[in-house]
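Pasted below: start.cif, mmCIF, C-alpha atoms.
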```
data_structure
#
loop_
_atom_site.group_PDB
_atom_site.id
_atom_site.type_symbol
_atom_site.label_atom_id
_atom_site.label_comp_id
_atom_site.auth_asym_id
_atom_site.auth_seq_id
_atom_site.Cartn_x
_atom_site.Cartn_y
_atom_site.Cartn_z
ATOM 1 C CA MET S 49 163.445 110.341 208.404
ATOM 2 C CA THR S 50 164.919 107.192 206.977
ATOM 3 C CA THR S 51 166.736 107.053 203.713
ATOM 4 C CA HIS S 52 164.013 104.924 202.223
ATOM 5 C CA ALA S 53 161.299 107.361 203.246
ATOM 6 C CA ARG S 54 163.280 110.312 201.811
ATOM 7 C CA GLU S 55 163.715 108.508 198.498
ATOM 8 C CA GLY S 56 159.984 107.768 198.323
ATOM 9 C CA LEU S 57 159.079 111.396 199.099
ATOM 10 C CA LEU S 58 161.640 112.688 196.641
ATOM 11 C CA SER S 59 160.426 110.344 193.864
ATOM 12 C CA ARG S 60 156.835 111.493 194.413
ATOM 13 C CA LEU S 61 157.843 115.142 194.276
ATOM 14 C CA VAL S 62 160.082 114.717 191.244
ATOM 15 C CA ARG S 63 157.872 112.212 189.357
ATOM 16 C CA PRO S 64 156.394 113.931 186.382
ATOM 17 C CA ARG S 65 152.648 114.136 186.478
ATOM 18 C CA ARG S 66 150.589 112.941 183.575
ATOM 19 C CA PRO S 67 149.477 115.708 181.364
ATOM 20 C CA ALA S 68 145.732 116.285 181.315
ATOM 21 C CA ALA S 69 145.617 115.554 177.573
ATOM 22 C CA GLU S 70 146.929 112.008 178.126
ATOM 23 C CA SER S 71 144.237 111.397 180.715
ATOM 24 C CA VAL S 72 141.567 112.723 178.376
ATOM 25 C CA ASP S 73 142.869 110.524 175.542
ATOM 26 C CA ARG S 74 142.707 107.481 177.792
ATOM 27 C CA LEU S 75 139.105 108.267 178.792
ATOM 28 C CA ARG S 76 138.152 108.819 175.168
ATOM 29 C CA LEU S 77 139.694 105.494 174.122
ATOM 30 C CA GLU S 78 137.974 103.648 176.994
ATOM 31 C CA HIS S 79 134.654 105.193 175.929
ATOM 32 C CA GLU S 80 135.208 104.227 172.276
ATOM 33 C CA LEU S 81 136.063 100.690 173.341
ATOM 34 C CA ALA S 82 132.874 100.445 175.408
ATOM 35 C CA VAL S 83 130.781 101.780 172.501
ATOM 36 C CA SER S 84 132.453 99.329 170.106
ATOM 37 C CA ARG S 85 131.687 96.430 172.435
ATOM 38 C CA LEU S 86 128.029 97.478 172.611
ATOM 39 C CA ARG S 87 127.854 97.697 168.806
ATOM 40 C CA LEU S 88 129.484 94.289 168.510
ATOM 41 C CA ALA S 89 126.916 92.790 170.890
ATOM 42 C CA ARG S 90 124.047 94.381 168.922
ATOM 43 C CA TRP S 91 125.367 93.114 165.569
ATOM 44 C CA GLN S 92 125.933 89.664 167.063
ATOM 45 C CA GLN S 93 122.257 89.605 168.092
ATOM 46 C CA HIS S 94 121.273 90.517 164.514
ATOM 47 C CA ALA S 95 123.546 87.802 163.102
ATOM 48 C CA ASP S 96 122.107 85.224 165.502
ATOM 49 C CA ALA S 97 118.544 86.207 164.542
ATOM 50 C CA TYR S 98 119.346 85.948 160.831
ATOM 51 C CA GLU S 99 120.983 82.561 161.380
ATOM 52 C CA ARG S 100 117.840 81.303 163.139
ATOM 53 C CA ARG S 101 115.658 82.612 160.282
ATOM 54 C CA LEU S 102 117.905 80.990 157.697
ATOM 55 C CA GLY S 103 117.707 77.687 159.566
ATOM 56 C CA ASP S 104 113.907 77.959 159.665
ATOM 57 C CA ALA S 105 113.781 78.724 155.923
ATOM 58 C CA GLU S 106 116.099 75.810 155.099
ATOM 59 C CA ARG S 107 113.975 73.439 157.173
ATOM 60 C CA GLU S 108 110.790 74.665 155.462
ATOM 61 C CA ARG S 109 112.497 74.175 152.081
ATOM 62 C CA ALA S 110 113.287 70.590 153.026
ATOM 63 C CA HIS S 111 109.653 69.971 154.022
ATOM 64 C CA LEU S 112 108.396 71.443 150.742
ATOM 65 C CA LEU S 113 110.849 69.368 148.700
ATOM 66 C CA SER S 114 109.743 66.270 150.601
ATOM 67 C CA TRP S 115 106.154 67.096 149.724
ATOM 68 C CA LEU S 116 107.087 67.698 146.072
ATOM 69 C CA ALA S 117 108.818 64.307 145.974
ATOM 70 C CA ALA S 118 105.668 62.707 147.391
ATOM 71 C CA LEU S 119 103.660 64.333 144.578
ATOM 72 C CA HIS S 120 106.020 62.806 141.974
ATOM 73 C CA PRO S 121 106.594 59.266 143.283
ATOM 74 C CA ALA S 122 107.228 57.761 139.842
ATOM 75 C CA SER S 123 110.288 59.910 139.167
ATOM 76 C CA ALA S 124 111.619 61.009 142.577
ATOM 77 C CA VAL S 125 114.915 59.458 143.640
ATOM 78 C CA LEU S 126 117.721 60.275 146.105
ATOM 79 C CA THR S 127 121.349 59.800 145.088
ATOM 80 C CA PRO S 128 124.448 60.502 147.168
ATOM 81 C CA LEU S 129 126.768 63.287 146.056
ATOM 82 C CA THR S 130 130.418 62.358 145.721
ATOM 83 C CA GLY S 131 133.429 64.236 146.940
ATOM 84 C CA PRO S 132 134.665 65.289 150.368
ATOM 85 C CA GLU S 133 132.909 68.660 150.146
ATOM 86 C CA HIS S 134 129.528 66.890 149.878
ATOM 87 C CA GLU S 135 129.958 64.368 152.689
ATOM 88 C CA GLY S 136 126.539 62.999 153.586
ATOM 89 C CA THR S 137 124.690 65.311 151.198
ATOM 90 C CA HIS S 138 122.278 63.744 148.719
ATOM 91 C CA ARG S 139 120.559 64.985 145.615
ATOM 92 C CA LEU S 140 116.823 64.756 145.152
ATOM 93 C CA CYS S 141 116.012 64.261 141.471
ATOM 94 C CA LEU S 142 112.554 64.247 139.938
ATOM 95 C CA ILE S 143 110.719 65.037 136.747
ATOM 96 C CA ALA S 144 108.048 67.719 136.857
ATOM 97 C CA GLY S 145 106.395 69.169 133.794
ATOM 98 C CA GLY S 146 108.712 67.078 131.646
ATOM 99 C CA TRP S 147 111.801 68.715 133.151
ATOM 100 C CA HIS S 148 114.540 67.007 135.146
ATOM 101 C CA LEU S 149 114.984 68.950 138.385
ATOM 102 C CA SER S 150 117.271 68.417 141.372
ATOM 103 C CA TRP S 151 118.144 69.862 144.754
ATOM 104 C CA HIS S 152 120.846 69.164 147.320
ATOM 105 C CA ILE S 153 119.550 67.670 150.557
ATOM 106 C CA PRO S 154 121.796 68.046 153.623
ATOM 107 C CA PRO S 155 122.280 65.053 155.919
ATOM 108 C CA ALA S 156 120.177 66.607 158.699
ATOM 109 C CA ASP S 157 117.086 66.598 156.436
ATOM 110 C CA LEU S 158 117.366 63.090 154.977
ATOM 111 C CA ALA S 159 114.817 61.665 157.432
ATOM 112 C CA LEU S 160 112.131 63.745 155.674
ATOM 113 C CA PHE S 161 112.787 61.780 152.477
ATOM 114 C CA ALA S 162 112.251 58.243 153.799
ATOM 115 C CA HIS S 163 109.460 57.818 151.227
ATOM 116 C CA VAL S 164 111.821 58.528 148.309
ATOM 117 C CA PRO S 165 113.697 55.590 146.727
ATOM 118 C CA PHE S 166 117.465 55.619 147.160
ATOM 119 C CA ARG S 167 119.907 54.836 144.372
ATOM 120 C CA ALA S 168 123.617 54.459 145.019
ATOM 121 C CA GLU S 169 124.491 55.704 141.535
ATOM 122 C CA SER S 170 123.291 58.762 139.691
ATOM 123 C CA VAL S 171 120.260 58.106 137.506
ATOM 124 C CA ASP S 172 120.402 61.331 135.525
ATOM 125 C CA ALA S 173 120.815 60.713 131.839
ATOM 126 C CA HIS S 174 119.675 64.286 131.227
ATOM 127 C CA PRO S 175 121.511 67.430 132.222
ATOM 128 C CA VAL S 176 120.056 69.177 135.251
ATOM 129 C CA PRO S 177 119.492 72.910 134.780
ATOM 130 C CA ASP S 178 121.402 75.331 136.972
ATOM 131 C CA ALA S 179 119.544 77.041 139.834
ATOM 132 C CA VAL S 180 118.590 80.121 137.783
ATOM 133 C CA ASN S 181 117.228 78.112 134.855
ATOM 134 C CA GLN S 182 115.602 75.616 137.196
ATOM 135 C CA GLY S 183 113.799 78.482 138.933
ATOM 136 C CA ALA S 184 112.538 79.741 135.576
ATOM 137 C CA LEU S 185 111.344 76.252 134.632
ATOM 138 C CA ILE S 186 109.489 75.921 137.936
ATOM 139 C CA ARG S 187 107.833 79.343 137.550
ATOM 140 C CA ARG S 188 106.730 78.448 134.008
ATOM 141 C CA HIS S 189 105.348 75.107 135.170
ATOM 142 C CA VAL S 190 103.444 76.815 138.018
ATOM 143 C CA ARG S 191 101.907 79.287 135.547
ATOM 144 C CA LEU S 192 100.828 76.416 133.302
ATOM 145 C CA LEU S 193 99.291 74.553 136.248
ATOM 146 C CA ALA S 194 97.503 77.732 137.355
ATOM 147 C CA MET S 195 96.111 78.284 133.841
ATOM 148 C CA GLU S 196 95.012 74.656 133.675
ATOM 149 C CA GLY S 197 93.243 75.071 137.019
ATOM 150 C CA ALA S 198 91.517 78.238 135.830
ATOM 151 C CA VAL S 199 90.373 76.534 132.619
ATOM 152 C CA GLN S 200 89.073 73.534 134.581
ATOM 153 C CA ALA S 201 87.223 75.827 136.977
ATOM 154 C CA GLY S 202 85.764 77.760 134.053
ATOM 155 C CA LEU S 203 84.617 74.582 132.324
ATOM 156 C CA ALA S 204 83.111 73.250 135.531
ATOM 157 C CA GLY S 205 81.108 76.455 135.941
ATOM 158 C CA ARG S 206 79.577 76.232 132.463
ATOM 159 C CA THR S 207 76.478 74.298 131.715
ATOM 160 C CA PRO S 208 76.392 72.428 128.404
#
```
I'd like the structure from this file rewritten - as structure tokens, please.
Amino acid sequence: MTTHAREGLLSRLVRPRRPAAESVDRLRLEHELAVSRLRLARWQQHADAYERRLGDAERERAHLLSWLAALHPASAVLTPLTGPEHEGTHRLCLIAGGWHLSWHIPPADLALFAHVPFRAESVDAHPVPDAVNQGALIRRHVRLLAMEGAVQAGLAGRTP
């Protein structure tokens, strides 16, 4: 037997074997890693689905705002927002129910507002309510319009 062969045999005989606990720990960690990767993939699918739904909702919002602007052609106007954080974003301003309302319109949706006049400078002489107050104003205006519609329908149903 050569010296090299003896050294190899001796190192295999003398080499300490891994304890069974270390092997079990390694298997457990590999299993936990595999489970974590599966969970990550599942949560990524949820996040992707929510992102698609959010994109759909934002696009529908833009269509509805475009429609609202078409219903208020006398007061609707687009103005650019200033500042690097608003690059390309515009603000749709209009008056509905006597209230000055506005919404941010991202650059990707501007084509929907081709029918709305553009002004390079802000035309708001009146303060615009924050989103919470604006929502309350819109709900109140909708209730008034609904009551007006009900009254008109009631009057139309009556015979003089």
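Here atom CA of S:Cys141 stands at a distance of 8.5 Å from atom CA of S:Ala117.
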Per residue of stretch 85-171 of chain S within 9 Å of stretch 180-188 of chain S, what are the shortest atom pair and its distance in Å to one decimal, counting only C-alpha atoms, with rows by chain and residue number, as JSON lines?
```
{"residue": "S:Ala144", "atom": "CA", "partner": "S:Ile186", "partner_atom": "CA", "distance": 8.4}
{"residue": "S:Gly145", "atom": "CA", "partner": "S:Ile186", "partner_atom": "CA", "distance": 8.5}
{"residue": "S:Trp147", "atom": "CA", "partner": "S:Leu185", "partner_atom": "CA", "distance": 7.7}
{"residue": "S:His148", "atom": "CA", "partner": "S:Gln182", "partner_atom": "CA", "distance": 8.9}
{"residue": "S:Leu149", "atom": "CA", "partner": "S:Gln182", "partner_atom": "CA", "distance": 6.8}
{"residue": "S:Ser150", "atom": "CA", "partner": "S:Gln182", "partner_atom": "CA", "distance": 8.5}
```
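Take the candidates S:Gln200, S:Ser84, S:Gln92, S:Thr127 and check each one against S:Pro154 using only C-alpha atoms; the shortest distance goes to S:Thr127.
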Subject >> Distance of atom CA of S:Ala95 from atom CA of S:Gly136, expressed in Å to one decimal place >> reply: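 Computing the Euclidean distance for atom CA of S:Gly136 and atom CA of S:Ala95 yields 26.7 Å.
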Subject >> Gap from atom CA of S:Arg76 to atom CA of S:His94 - Å, one decimal >> reply: 27.1 Å
Subject >> Option closest in space to S:Phe166, from S:Val190, S:Ile143, S:Leu112, S:Leu126 [counting all atoms listed in the file] >> reply: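 Among the listed residues, S:Leu126 lies closest to S:Phe166.
Taking all atoms listed in the file into account, S:Glu106 lies nearest to S:Asp157 out of the set S:Asp157, S:Glu196, S:Asp178, S:Glu169.
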